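Encoded as structure tokens, the structure appears first; notes follow it.
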Protein chains: 2
Amino acid sequence: MTDALKRLIKAAQRPEEADIIIQNGTVVDVFSLETFKADVAIKDGYIVGIGTYPKGKHIVNASGKYVMPGFIDGHIHIESTMVTPSEFSRALIKHGVTTVITDPHEIANVAGRIGVDFMLEDAAGTDIDILMKLPSCVPATPFEQNGATLTADDLRPYLSHKNVIGLAEVMDYPSVLNADAGMLAKIQMTTEANLTVDGHAAGLPDSALNVYSTAGIRNDHEAVTAEEAIARVRRGIHVLVREGSAAKDLLALLPAIHERNSSRFSFCTDDKHLDELAEEGTVNYAARLAIKHGLNPLIAIQMATINNAVCHGLENKGAVAPGYTADVLITNSLETLQPETIIKDGRILDLSALKNSRATVPASVQSSLNIKKVTKESLQIPLEAGQKAMMIGVVPGRIITNKIAADVKIEKGFFVPDAVRDQLKIVVCERHHATGSIGVGIVSGLGLKRGAIASTVAHDSHNLVVAGTNDEDILAAIEASERMQGGLVIVEDGKVLASVPLRVGGIMSEKPYEEVIEELHHLHEQLALVAEESQNIFMILSFLCLPVIPSLKLTDKGLFDVDSFQHIEVGIPE
Amino acid sequence: MTDALKRLIKAAQRPEEADIIIQNGTVVDVFSLETFKADVAIKDGYIVGIGTYPKGKHIVNASGKYVMPGFIDGHIHIESTMVTPSEFSRALIKHGVTTVITDPHEIANVAGRIGVDFMLEDAAGTDIDILMKLPSCVPATPFEQNGATLTADDLRPYLSHKNVIGLAEVMDYPSVLNADAGMLAKIQMTTEANLTVDGHAAGLPDSALNVYSTAGIRNDHEAVTAEEAIARVRRGIHVLVREGSAAKDLLALLPAIHERNSSRFSFCTDDKHLDELAEEGTVNYAARLAIKHGLNPLIAIQMATINNAVCHGLENKGAVAPGYTADVLITNSLETLQPETIIKDGRILDLSALKNSRATVPASVQSSLNIKKVTKESLQIPLEAGQKAMMIGVVPGRIITNKIAADVKIEKGFFVPDAVRDQLKIVVCERHHATGSIGVGIVSGLGLKRGAIASTVAHDSHNLVVAGTNDEDILAAIEASERMQGGLVIVEDGKVLASVPLRVGGIMSEKPYEEVIEELHHLHEQLALVAEESQNIFMILSFLCLPVIPSLKLTDKGLFDVDSFQHIEVGIPE
């Protein structure tokens, strides 16, 4: 270590011997929100000088161009892209995102420490620096059965891992509020290790922000209005401005950001679909969108670089300055921020020869479906003649749902799905430990017209969720899911129309990202044949099991009323 | 620890049960550079809520007033005030400075670890939080003999002390440049402990800033022009804007500071005389001065609070926000920033009952003068008739000196001081280990007309330095210094006119600060009787030994030419 530092110090004195000299560029100064002309010297993966360096071993001419730090994403769930970390890196790096902070919450809910280990291992050899915050809420709630539990004792050993930088989104607000010993232990072991704790204050009142900040939780990515953002900043909570596929908060938060407080805001993604991510990137896209809507480009860059580094305690990332990691972009445009040249860890990246160093998927993660035989009988919802049922009502474009009390079709004392009336059956099968636990409910507004669809991507426990117009196709979809050991599938008349196998814990594909994009494209083409609208039914389905978002959800333990925080019957008592 | 956090979380939920509610104030938001109306709840020494709290156990009405964080001083040498940390706290706290970051470099040069231990112990019970950065350069140079050496191994155990927060000003730039193993060890053990390292880039070119930042040194208090400040900010080096007694850099640096980069600047003091410090404070005064010269008051407050906290890695200080230490000021004025009420660690401070918890001064520190008998013979400078001498030329108001080659008075082959020609004798006696090492030289421009003055405050080794108009008074001054075991003294015709005993390592008084101010006042009154001008001769004297500041200095090893970095003879070769 001392020898490495010695080499850097020597290089700082003799920049002409550095590995790379970037000449004549306009350096983006994220500290002062200014630009200035200078050469930049790079050695052993670090920036070692800003100055005038006419000579060098390897000159990169940046004349007329901007030299800026690589983008940093403050919060993203890689599993949501349905590819592995190594493929995620390959899909994203071309946009200049050189560091992401990820929370392997999804795989942890399936496979616990084995899943976390796989993510760390698969991320170790990627071009992008994939840094991890430890999933803080596994399981997320006691209202469904997931695949694993991670206690403070389970997580503690990871705190010394070089790529672990803190504790991820503390979603379980009640545990913080109640000063639950297990949750406080996770928070305190993290702050005592001088690492940071991420918040998740979705829809919470200001009084809850006081509790979060008092507990040492100092960032949040759930502000959805400018007012909410300001309330956080005032309480010392750094605001991660989220712009993903489902949640797009940027335009709503822009009015809160100005030159005097810009250092308190960063960009993050949270969840983004693979095709969009490969096409447009993540926080680079957010910065571009913000600039398009009038934000000073230097603030946008600051929010996508140094601010994330500071927020997450990364000392040497996010700036073009000596001693900082040489993650540097050269771009023509402060509007698009599209990188012409990407320098990662001091090497000029050849996009045609990216790293492809995948980790082996552990056998237990490859075969993560463990379902007790599902019979037609177990799918029935008993209802008396004339009895009203409580249905889950999908709200277009949102992950919240409505509670709808309605008359439904009943035959021989059981509910019968009816696509014409838009009343489908929805089933959640526990799929981790073959407990045979099954929840069955009724959903409206999904838009499925024929057949059934199934998914093992189902937040947060990732059980098997199926929605269908008839029991036979529902059973066929369950069987198809088991055969491919997880993934997305469409069934009609007992036949599989399309599928996307997700063999890594039932939530990620082990295939190259280009193939996965193709598979997903085909899936959606076939979906259009059996479904009414263009909405992303699989995404909607994946959130219908999440019992922390209002108002009515279904878990393997049955219908769950989020407002009263308890399970309820489908049939409404007379 | 978990129980303490649990209590805070409970209080955040039930602010009406908090210890203190500050009602109806205008909160200064250092994150956004804005103000807003709100109540503030305080419990167990922490802020636990920002909101509307009509009820409380103890209400403080701040109607029409501002509620702001306590001031933080980013860098100050307590020894320069000539009082102990506990007295320093008592003198300063009334100005609302609630945290200082100190470097016990001076006492460490006298007494090594024993001195550092004393400072930590004496600071432990003060009202002000006195946080320490470890002195990095003891001894400062090999060109003089000091009292102790502190290696990386000596310093390492301190890194786990709760009040030690990093490594202090790395002044020994050559050691960094040469990647000296001992210096790199000190830097690396600090950064590896996730603590910060302070810089000292006095007069260094931009290329040296590259080296500093590459080495992980990310702040500096030696910028004296706006250009120097900008060069630092661009390289990721936080600028501590210094406003002390000798060095006053604020007005020169103001033009570099604006709303877009203000978070990269903080205030510090470095060295300030006791009377001025007691009268006007430190960084509170700097903030006030900056406001007077047009800086946005909210930026000035930010620079004197949260920015210092962030720069030095203090997670929970410098803001009025939940989870932050309840060091809070209530003030009427965003111009003077004079606190009406000071809340420290959640207690309203009673200025008439400040803490007075002094540590015992170790015996070896109380008797720090250890001088081999000085004879008249050892004070002689041999010169041949007509030989020119190299004199130290004092530059008014600066700590740099000129080299002056001049004809001097010579009798019987030896130099004779001559007040009329303004050519005095200056003597530096090694005073730590009785080595008998003595340096003798000639000084011009000091302004002393009769007698002699002596001081054991002599940067950085704090040997005994004496300037005089005749050998007899020089010897009498040395004897008087020994009798009182260090301090400042004025002698005329063999008699002591005035003295300030500094029994703590020869650099600090053990008396109450009010008495020390009186003693210093008397000293300067008497000085006016034997000296020509109103300049602070004792301060000038204390810097005439410092062999790292150009151009000509005197150490116990003799005359030192800083430009050529070597000792030279007084007599200039023919």
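Identifiers in this document derive from the order of the structure tokens: chains are assigned A, B, ..., residues are numbered from 1 separately in each chain, and ligands are numbered from 1 in order of occurrence.
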
Can you list every residue of chain A that has an atom at most 7 Å from chain B, with its nearest atom pair and the distance in Å to one decimal, using only C-alpha atoms, ordered by chain then number, as CSV?
residue,atom,partner,partner_atom,distance
A:Thr2,CA,B:Leu184,CA,6.7
A:Leu5,CA,B:Ala215,CA,6.8
A:Lys6,CA,B:Ala179,CA,5.5
A:Leu8,CA,B:Thr214,CA,6.8
A:Ile9,CA,B:Val211,CA,5.7
A:Ala12,CA,B:Val211,CA,5.3
A:Gln13,CA,B:Val211,CA,6.7
A:Asp29,CA,B:Arg234,CA,6.2
A:Phe31,CA,B:Asn261,CA,6.1
A:Ser32,CA,B:Asn261,CA,4.3
A:Leu33,CA,B:Arg260,CA,6.1
A:Val48,CA,B:Thr214,CA,5.7
A:Gly49,CA,B:Asn210,CA,5.2
A:Ile50,CA,B:Asn210,CA,6.9
A:Leu177,CA,B:Ile9,CA,6.9
A:Ala179,CA,B:Lys6,CA,5.5
A:Leu184,CA,B:Thr2,CA,6.7
A:Ser207,CA,B:Gln13,CA,6.9
A:Asn210,CA,B:Gly49,CA,5.2
A:Val211,CA,B:Ala12,CA,5.3
A:Ser213,CA,B:Pro322,CA,5.3
A:Thr214,CA,B:Gly323,CA,3.7
A:Ala215,CA,B:Ile9,CA,6.5
A:Gly216,CA,B:Gly323,CA,6.3
A:Val233,CA,B:Phe31,CA,6.6
A:Arg234,CA,B:Asp29,CA,6.2
A:Arg235,CA,B:Ala321,CA,4.8
A:Gly236,CA,B:Ala321,CA,5.9
A:Glu259,CA,B:Arg260,CA,5.4
A:Arg260,CA,B:Glu259,CA,5.4
A:Asn261,CA,B:Ser32,CA,4.3
A:Arg264,CA,B:Phe31,CA,7.0
A:Ala321,CA,B:Arg235,CA,4.7
A:Pro322,CA,B:Thr214,CA,4.9
A:Gly323,CA,B:Thr214,CA,3.7

Writing out the chosen residues with N, CA and C atoms as a compact mmCIF listing (two decimals), in the first residue's frame:
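So the final result, stored in selection-v7.txt, reads:
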# COMPACT_ATOMS: atom_id res chain seq x y z
N THR A 2 1.86 1.30 0.89
CA THR A 2 2.74 2.46 0.91
C THR A 2 3.51 2.57 -0.40
N LEU A 5 1.30 4.13 -3.00
CA LEU A 5 1.18 5.56 -2.78
C LEU A 5 2.45 6.28 -3.22
N LYS A 6 3.58 5.65 -2.93
CA LYS A 6 4.87 6.22 -3.33
C LYS A 6 4.93 6.41 -4.85
N LEU A 8 2.44 6.81 -6.86
CA LEU A 8 1.53 7.89 -7.26
C LEU A 8 2.16 9.26 -6.97
N ILE A 9 2.79 9.37 -5.81
CA ILE A 9 3.40 10.66 -5.45
C ILE A 9 4.52 11.00 -6.43
N ALA A 12 2.96 12.19 -9.56
CA ALA A 12 2.43 13.55 -9.42
C ALA A 12 3.52 14.58 -9.65
N GLN A 13 4.74 14.20 -9.33
CA GLN A 13 5.87 15.12 -9.55
C GLN A 13 6.39 15.07 -10.98
N ASP A 29 -15.37 21.14 -13.27
CA ASP A 29 -15.02 21.23 -11.85
C ASP A 29 -16.31 21.09 -11.03
N PHE A 31 -16.59 20.71 -7.94
CA PHE A 31 -16.50 21.36 -6.63
C PHE A 31 -17.04 22.78 -6.71
N SER A 32 -16.73 23.47 -7.81
CA SER A 32 -17.07 24.89 -7.94
C SER A 32 -18.15 25.15 -8.97
N LEU A 33 -18.61 24.11 -9.66
CA LEU A 33 -19.57 24.28 -10.76
C LEU A 33 -19.03 25.28 -11.78
N VAL A 48 -3.32 12.00 -11.11
CA VAL A 48 -2.20 12.46 -10.29
C VAL A 48 -1.83 13.91 -10.56
N GLY A 49 -2.51 14.54 -11.52
CA GLY A 49 -2.17 15.94 -11.74
C GLY A 49 -3.16 16.67 -12.62
N ILE A 50 -3.35 17.96 -12.30
CA ILE A 50 -4.09 18.90 -13.12
C ILE A 50 -3.10 20.02 -13.40
N LEU A 177 -39.18 3.04 13.96
CA LEU A 177 -40.07 3.77 14.86
C LEU A 177 -40.17 3.08 16.22
N ALA A 179 -37.95 1.25 17.46
CA ALA A 179 -36.60 1.00 17.97
C ALA A 179 -36.36 -0.49 18.17
N LEU A 184 -31.99 -1.71 14.99
CA LEU A 184 -31.00 -0.78 15.54
C LEU A 184 -29.60 -1.38 15.51
N SER A 207 -42.57 14.16 10.62
CA SER A 207 -42.20 13.63 11.94
C SER A 207 -41.40 12.33 11.80
N ASN A 210 -37.81 13.12 11.03
CA ASN A 210 -37.06 13.41 12.26
C ASN A 210 -36.52 12.12 12.88
N VAL A 211 -37.36 11.10 12.88
CA VAL A 211 -36.94 9.82 13.46
C VAL A 211 -35.79 9.22 12.64
N SER A 213 -33.60 10.72 10.66
CA SER A 213 -32.34 11.46 10.78
C SER A 213 -31.75 11.28 12.17
N THR A 214 -32.61 11.23 13.18
CA THR A 214 -32.13 10.99 14.55
C THR A 214 -31.45 9.63 14.64
N ALA A 215 -31.98 8.67 13.90
CA ALA A 215 -31.39 7.33 13.93
C ALA A 215 -30.11 7.24 13.10
N GLY A 216 -29.73 8.34 12.44
CA GLY A 216 -28.49 8.33 11.67
C GLY A 216 -28.68 7.91 10.22
N VAL A 233 -33.98 17.84 3.01
CA VAL A 233 -32.73 18.61 3.03
C VAL A 233 -32.61 19.38 4.35
N ARG A 234 -33.71 19.98 4.78
CA ARG A 234 -33.69 20.75 6.03
C ARG A 234 -33.31 19.89 7.22
N ARG A 235 -33.58 18.60 7.13
CA ARG A 235 -33.28 17.71 8.24
C ARG A 235 -31.96 16.96 8.04
N GLY A 236 -31.15 17.44 7.12
CA GLY A 236 -29.85 16.81 6.93
C GLY A 236 -29.89 15.52 6.14
N GLU A 259 -28.55 26.48 -6.90
CA GLU A 259 -27.09 26.53 -6.76
C GLU A 259 -26.63 26.45 -5.30
N ARG A 260 -27.47 26.94 -4.39
CA ARG A 260 -27.05 27.01 -2.99
C ARG A 260 -27.20 25.68 -2.26
N ASN A 261 -28.04 24.80 -2.82
CA ASN A 261 -28.24 23.52 -2.10
C ASN A 261 -27.93 22.30 -2.97
N ARG A 264 -26.67 18.83 -1.92
CA ARG A 264 -27.50 17.94 -1.08
C ARG A 264 -28.37 17.01 -1.92
N ALA A 321 -9.77 15.18 -10.16
CA ALA A 321 -8.85 15.86 -9.24
C ALA A 321 -7.79 14.86 -8.79
N PRO A 322 -6.62 15.36 -8.43
CA PRO A 322 -5.53 14.44 -8.05
C PRO A 322 -5.92 13.57 -6.86
N GLY A 323 -5.56 12.31 -6.92
CA GLY A 323 -5.87 11.38 -5.86
C GLY A 323 -7.21 10.70 -6.05

Exercise for the section: Identify, on the basis of only C-alpha atoms, every residue whose closest approach to Ile507 of chain A does not exceed 8 Å; exclude the query and any residue fewer than 6 positions from it along the same chain; express the result as a PyMOL selection string. Expected result: chain A and resi 79-80+82+106-107+456-457+462+486-487

Exercise for the section: Assign secondary structure with DSSP using the backbone only, and return the residues of segment 459-546 of chain B in strand (DSSP E or B) as a VMD selection string. Expected result: chain B and resid 464 to 468 487 to 492 495 to 501 504 508 to 509 531

Exercise for the section: May I have the residues within 12 Å of segment 340-349 of chain B as a PyMOL selection string, using only C-alpha atoms and disregarding those fewer than 2 positions away in the same chain? Expected result: chain B and resi 18-22+40-48+58-62+65-71+90+93-99+126-129+316-317+320+323-333+336-338+351-355

Would you save the residues from that selection as an mmCIF file, in the first residue's frame, using C-alpha atoms?
data_model
loop_
_atom_site.group_PDB
_atom_site.id
_atom_site.type_symbol
_atom_site.label_atom_id
_atom_site.label_comp_id
_atom_site.auth_asym_id
_atom_site.auth_seq_id
_atom_site.Cartn_x
_atom_site.Cartn_y
_atom_site.Cartn_z
ATOM 1 C CA ALA B 18 -37.961 16.381 25.040
ATOM 2 C CA ASP B 19 -35.599 18.219 27.407
ATOM 3 C CA ILE B 20 -35.861 21.545 25.592
ATOM 4 C CA ILE B 21 -38.176 22.954 22.938
ATOM 5 C CA ILE B 22 -36.917 26.072 21.147
ATOM 6 C CA VAL B 40 -36.616 22.579 17.560
ATOM 7 C CA ALA B 41 -36.719 19.665 20.000
ATOM 8 C CA ILE B 42 -33.651 18.643 22.021
ATOM 9 C CA LYS B 43 -33.131 15.478 24.062
ATOM 10 C CA ASP B 44 -30.108 13.904 25.740
ATOM 11 C CA GLY B 45 -27.711 16.309 24.031
ATOM 12 C CA TYR B 46 -29.066 15.803 20.530
ATOM 13 C CA ILE B 47 -31.541 17.550 18.306
ATOM 14 C CA VAL B 48 -34.416 15.139 17.785
ATOM 15 C CA HIS B 58 -38.697 23.390 29.069
ATOM 16 C CA ILE B 59 -39.602 26.040 26.497
ATOM 17 C CA VAL B 60 -37.073 28.524 25.115
ATOM 18 C CA ASN B 61 -38.796 31.326 23.261
ATOM 19 C CA ALA B 62 -36.826 32.310 20.162
ATOM 20 C CA LYS B 65 -34.558 35.369 16.686
ATOM 21 C CA TYR B 66 -32.354 33.055 14.680
ATOM 22 C CA VAL B 67 -31.568 29.498 15.714
ATOM 23 C CA MET B 68 -28.232 28.377 14.321
ATOM 24 C CA PRO B 69 -25.573 25.733 14.921
ATOM 25 C CA GLY B 70 -22.646 26.430 17.250
ATOM 26 C CA PHE B 71 -19.448 27.611 15.585
ATOM 27 C CA ARG B 90 -13.535 29.384 29.401
ATOM 28 C CA ILE B 93 -17.194 29.721 24.762
ATOM 29 C CA LYS B 94 -19.118 32.964 25.301
ATOM 30 C CA HIS B 95 -18.690 33.734 21.605
ATOM 31 C CA GLY B 96 -20.602 30.609 20.655
ATOM 32 C CA VAL B 97 -17.631 28.584 19.463
ATOM 33 C CA THR B 98 -18.716 25.141 20.612
ATOM 34 C CA THR B 99 -16.180 22.948 18.819
ATOM 35 C CA THR B 126 -14.250 21.622 28.927
ATOM 36 C CA ASP B 127 -17.448 23.249 27.730
ATOM 37 C CA ILE B 128 -16.066 23.514 24.221
ATOM 38 C CA ASP B 129 -15.576 20.231 22.394
ATOM 39 C CA ASN B 316 -23.186 14.861 13.665
ATOM 40 C CA LYS B 317 -22.016 18.429 14.076
ATOM 41 C CA VAL B 320 -29.648 22.344 13.388
ATOM 42 C CA GLY B 323 -29.517 13.507 15.018
ATOM 43 C CA TYR B 324 -27.035 16.359 15.211
ATOM 44 C CA THR B 325 -25.358 17.326 18.481
ATOM 45 C CA ALA B 326 -27.448 19.978 20.210
ATOM 46 C CA ASP B 327 -24.823 22.706 19.997
ATOM 47 C CA VAL B 328 -27.175 25.544 19.174
ATOM 48 C CA LEU B 329 -26.966 29.330 19.296
ATOM 49 C CA ILE B 330 -29.848 31.765 19.484
ATOM 50 C CA THR B 331 -28.998 35.186 18.130
ATOM 51 C CA ASN B 332 -30.723 38.442 17.340
ATOM 52 C CA SER B 333 -28.531 39.358 14.449
ATOM 53 C CA THR B 336 -22.919 40.228 14.490
ATOM 54 C CA LEU B 337 -23.917 36.592 15.098
ATOM 55 C CA GLN B 338 -23.521 37.363 18.786
ATOM 56 C CA LEU B 351 -21.727 31.742 31.476
ATOM 57 C CA SER B 352 -21.279 32.497 35.159
ATOM 58 C CA ALA B 353 -20.821 28.810 35.962
ATOM 59 C CA LEU B 354 -18.574 27.413 33.289
ATOM 60 C CA LYS B 355 -16.709 24.190 33.772
#

Handout entry: Within 9 Å of Val374 of chain A using only C-alpha atoms, minus same-chain residues under 6 positions, as an NGL selection string
Key = :A and (429 or 436 or 438 or 475 or 478-479)

Convert the current residue selection to file output with N, CA and C atoms, as a compact mmCIF listing (two decimals), in the first residue's frame.
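Written out: out07.txt:
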# COMPACT_ATOMS: atom_id res chain seq x y z
N CYS A 429 -48.03 -18.62 -4.89
CA CYS A 429 -47.57 -19.87 -4.28
C CYS A 429 -46.22 -19.64 -3.62
N GLY A 436 -46.29 -25.27 0.71
CA GLY A 436 -47.64 -25.42 0.23
C GLY A 436 -48.54 -24.24 0.53
N ILE A 438 -50.48 -21.11 -0.06
CA ILE A 438 -51.01 -20.51 -1.29
C ILE A 438 -52.05 -19.44 -0.94
N LEU A 475 -52.79 -23.46 -13.75
CA LEU A 475 -52.00 -24.64 -13.38
C LEU A 475 -50.89 -24.89 -14.40
N ILE A 478 -48.08 -22.50 -13.76
CA ILE A 478 -47.28 -22.90 -12.60
C ILE A 478 -46.32 -24.01 -12.99
N GLU A 479 -46.84 -24.98 -13.73
CA GLU A 479 -45.97 -26.09 -14.16
C GLU A 479 -44.84 -25.61 -15.06

Exercise for the section: Fewer than 4 positions away in the same chain doesn't count, so skip those; otherwise give me all residues within 6 Å of Val465 of chain A, counting only C-alpha atoms, as JSON, numbers by chain. Expected result: {"A": [427, 428, 454, 455]}

File dump, residues just selected, N, CA, C and O atoms, as a PDB file, in the first residue's frame:
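After the write, selection.pdb holds the following:
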ATOM      1  N   VAL A 427     -53.041 -15.824  -8.013  1.00  0.00           N
ATOM      2  CA  VAL A 427     -52.567 -16.855  -7.086  1.00  0.00           C
ATOM      3  C   VAL A 427     -51.111 -16.555  -6.717  1.00  0.00           C
ATOM      4  O   VAL A 427     -50.314 -16.189  -7.579  1.00  0.00           O
ATOM      5  N   VAL A 428     -50.789 -16.678  -5.446  1.00  0.00           N
ATOM      6  CA  VAL A 428     -49.386 -16.588  -5.029  1.00  0.00           C
ATOM      7  C   VAL A 428     -49.018 -17.884  -4.310  1.00  0.00           C
ATOM      8  O   VAL A 428     -49.614 -18.228  -3.285  1.00  0.00           O
ATOM      9  N   ALA A 454     -47.505 -16.023 -15.545  1.00  0.00           N
ATOM     10  CA  ALA A 454     -46.889 -16.308 -14.245  1.00  0.00           C
ATOM     11  C   ALA A 454     -45.516 -15.656 -14.175  1.00  0.00           C
ATOM     12  O   ALA A 454     -44.854 -15.454 -15.200  1.00  0.00           O
ATOM     13  N   SER A 455     -45.113 -15.365 -12.943  1.00  0.00           N
ATOM     14  CA  SER A 455     -43.812 -14.719 -12.745  1.00  0.00           C
ATOM     15  C   SER A 455     -43.230 -15.113 -11.398  1.00  0.00           C
ATOM     16  O   SER A 455     -43.960 -15.203 -10.404  1.00  0.00           O
TER      17      SER A 455
END

Practice task
Compile the contact shell of Gly203 of chain B as a list of chain:residue names: residues with an atom at most 12 Å away, counting only C-alpha atoms, same-chain residues fewer than 2 positions apart removed.
Solution key: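 Everything that qualifies: B:Met171, B:Tyr173, B:His200, B:Ala201, B:Pro205, B:Asp206, B:Ser207, B:Ala208, B:Leu209, B:Asp220, B:His221, B:Glu222, B:Ala223, B:Val224, B:Thr225, B:Glu227, B:Glu228, B:Ala229, B:Ile400, B:Val548, B:Ile549, B:Pro550.
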
Practice task
Step one, run DSSP on the backbone; step two, keep only residues of segment 313-530 of chain B assigned to alpha helix (DSSP H); then write them as a PyMOL selection string.
Solution key: chain B and resi 363-366+471-483+513-530

Exercise for the section: Go through A:Asp39, A:Glu279, A:Glu482, A:Glu533 one by one, measure the shortest atom-to-atom distance of each to Ser367 of chain A using only C-alpha atoms, and give the residue with the smallest value. Expected result: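 Among A:Asp39, A:Glu279, A:Glu482, A:Glu533, it is A:Glu482 that comes nearest to Ser367 of chain A.
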
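For the atom pair formed by atom CA of Ser542 of chain B and atom CA of Tyr285 of chain B, the distance is 25.0 Å, given to one decimal.
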
Exercise for the section: In Å, rounded to a single decimal, give me how far atom CA of Pro255 of chain A is from atom CA of Ala278 of chain A. Expected result: 28.7 Å

Skip Leu251 of chain B itself and residues of its chain fewer than 5 positions away, then list as a PDB file with N, CA and C atoms, in the first residue's frame all residues within 10 Å of it, counting only C-alpha atoms.
ATOM      1  N   VAL B 224      -3.286  32.224   0.545  1.00  0.00           N
ATOM      2  CA  VAL B 224      -3.289  33.638   0.938  1.00  0.00           C
ATOM      3  C   VAL B 224      -3.801  34.551  -0.175  1.00  0.00           C
ATOM      4  N   THR B 225      -4.143  33.969  -1.334  1.00  0.00           N
ATOM      5  CA  THR B 225      -4.760  34.756  -2.398  1.00  0.00           C
ATOM      6  C   THR B 225      -5.954  33.970  -2.944  1.00  0.00           C
ATOM      7  N   ALA B 226      -6.855  34.692  -3.606  1.00  0.00           N
ATOM      8  CA  ALA B 226      -8.024  34.031  -4.203  1.00  0.00           C
ATOM      9  C   ALA B 226      -7.573  33.006  -5.243  1.00  0.00           C
ATOM     10  N   VAL B 241     -10.159  29.036   5.457  1.00  0.00           N
ATOM     11  CA  VAL B 241      -9.850  30.464   5.366  1.00  0.00           C
ATOM     12  C   VAL B 241      -9.415  30.939   6.751  1.00  0.00           C
ATOM     13  N   ARG B 242      -8.170  31.339   6.844  1.00  0.00           N
ATOM     14  CA  ARG B 242      -7.572  31.644   8.149  1.00  0.00           C
ATOM     15  C   ARG B 242      -7.691  33.121   8.504  1.00  0.00           C
ATOM     16  N   GLU B 243      -8.148  33.386   9.701  1.00  0.00           N
ATOM     17  CA  GLU B 243      -8.176  34.751  10.214  1.00  0.00           C
ATOM     18  C   GLU B 243      -7.744  34.680  11.678  1.00  0.00           C
ATOM     19  N   ALA B 286     -14.492  35.847  12.381  1.00  0.00           N
ATOM     20  CA  ALA B 286     -14.202  35.735  10.944  1.00  0.00           C
ATOM     21  C   ALA B 286     -15.501  35.806  10.135  1.00  0.00           C
ATOM     22  N   LEU B 289     -16.759  39.351  10.155  1.00  0.00           N
ATOM     23  CA  LEU B 289     -15.938  40.191   9.282  1.00  0.00           C
ATOM     24  C   LEU B 289     -16.293  39.954   7.814  1.00  0.00           C
ATOM     25  N   ALA B 290     -16.504  38.688   7.459  1.00  0.00           N
ATOM     26  CA  ALA B 290     -16.858  38.355   6.078  1.00  0.00           C
ATOM     27  C   ALA B 290     -18.210  38.971   5.705  1.00  0.00           C
ATOM     28  N   HIS B 293     -18.007  42.479   4.976  1.00  0.00           N
ATOM     29  CA  HIS B 293     -17.425  42.733   3.656  1.00  0.00           C
ATOM     30  C   HIS B 293     -18.253  42.120   2.534  1.00  0.00           C
TER      31      HIS B 293
END

Practice task
Find the residue from B:Glu87, B:Asp563, B:Glu430, B:Asp275 that sits nearest to Ser509 of chain B; use only C-alpha atoms when measuring.
Solution key: B:Glu87
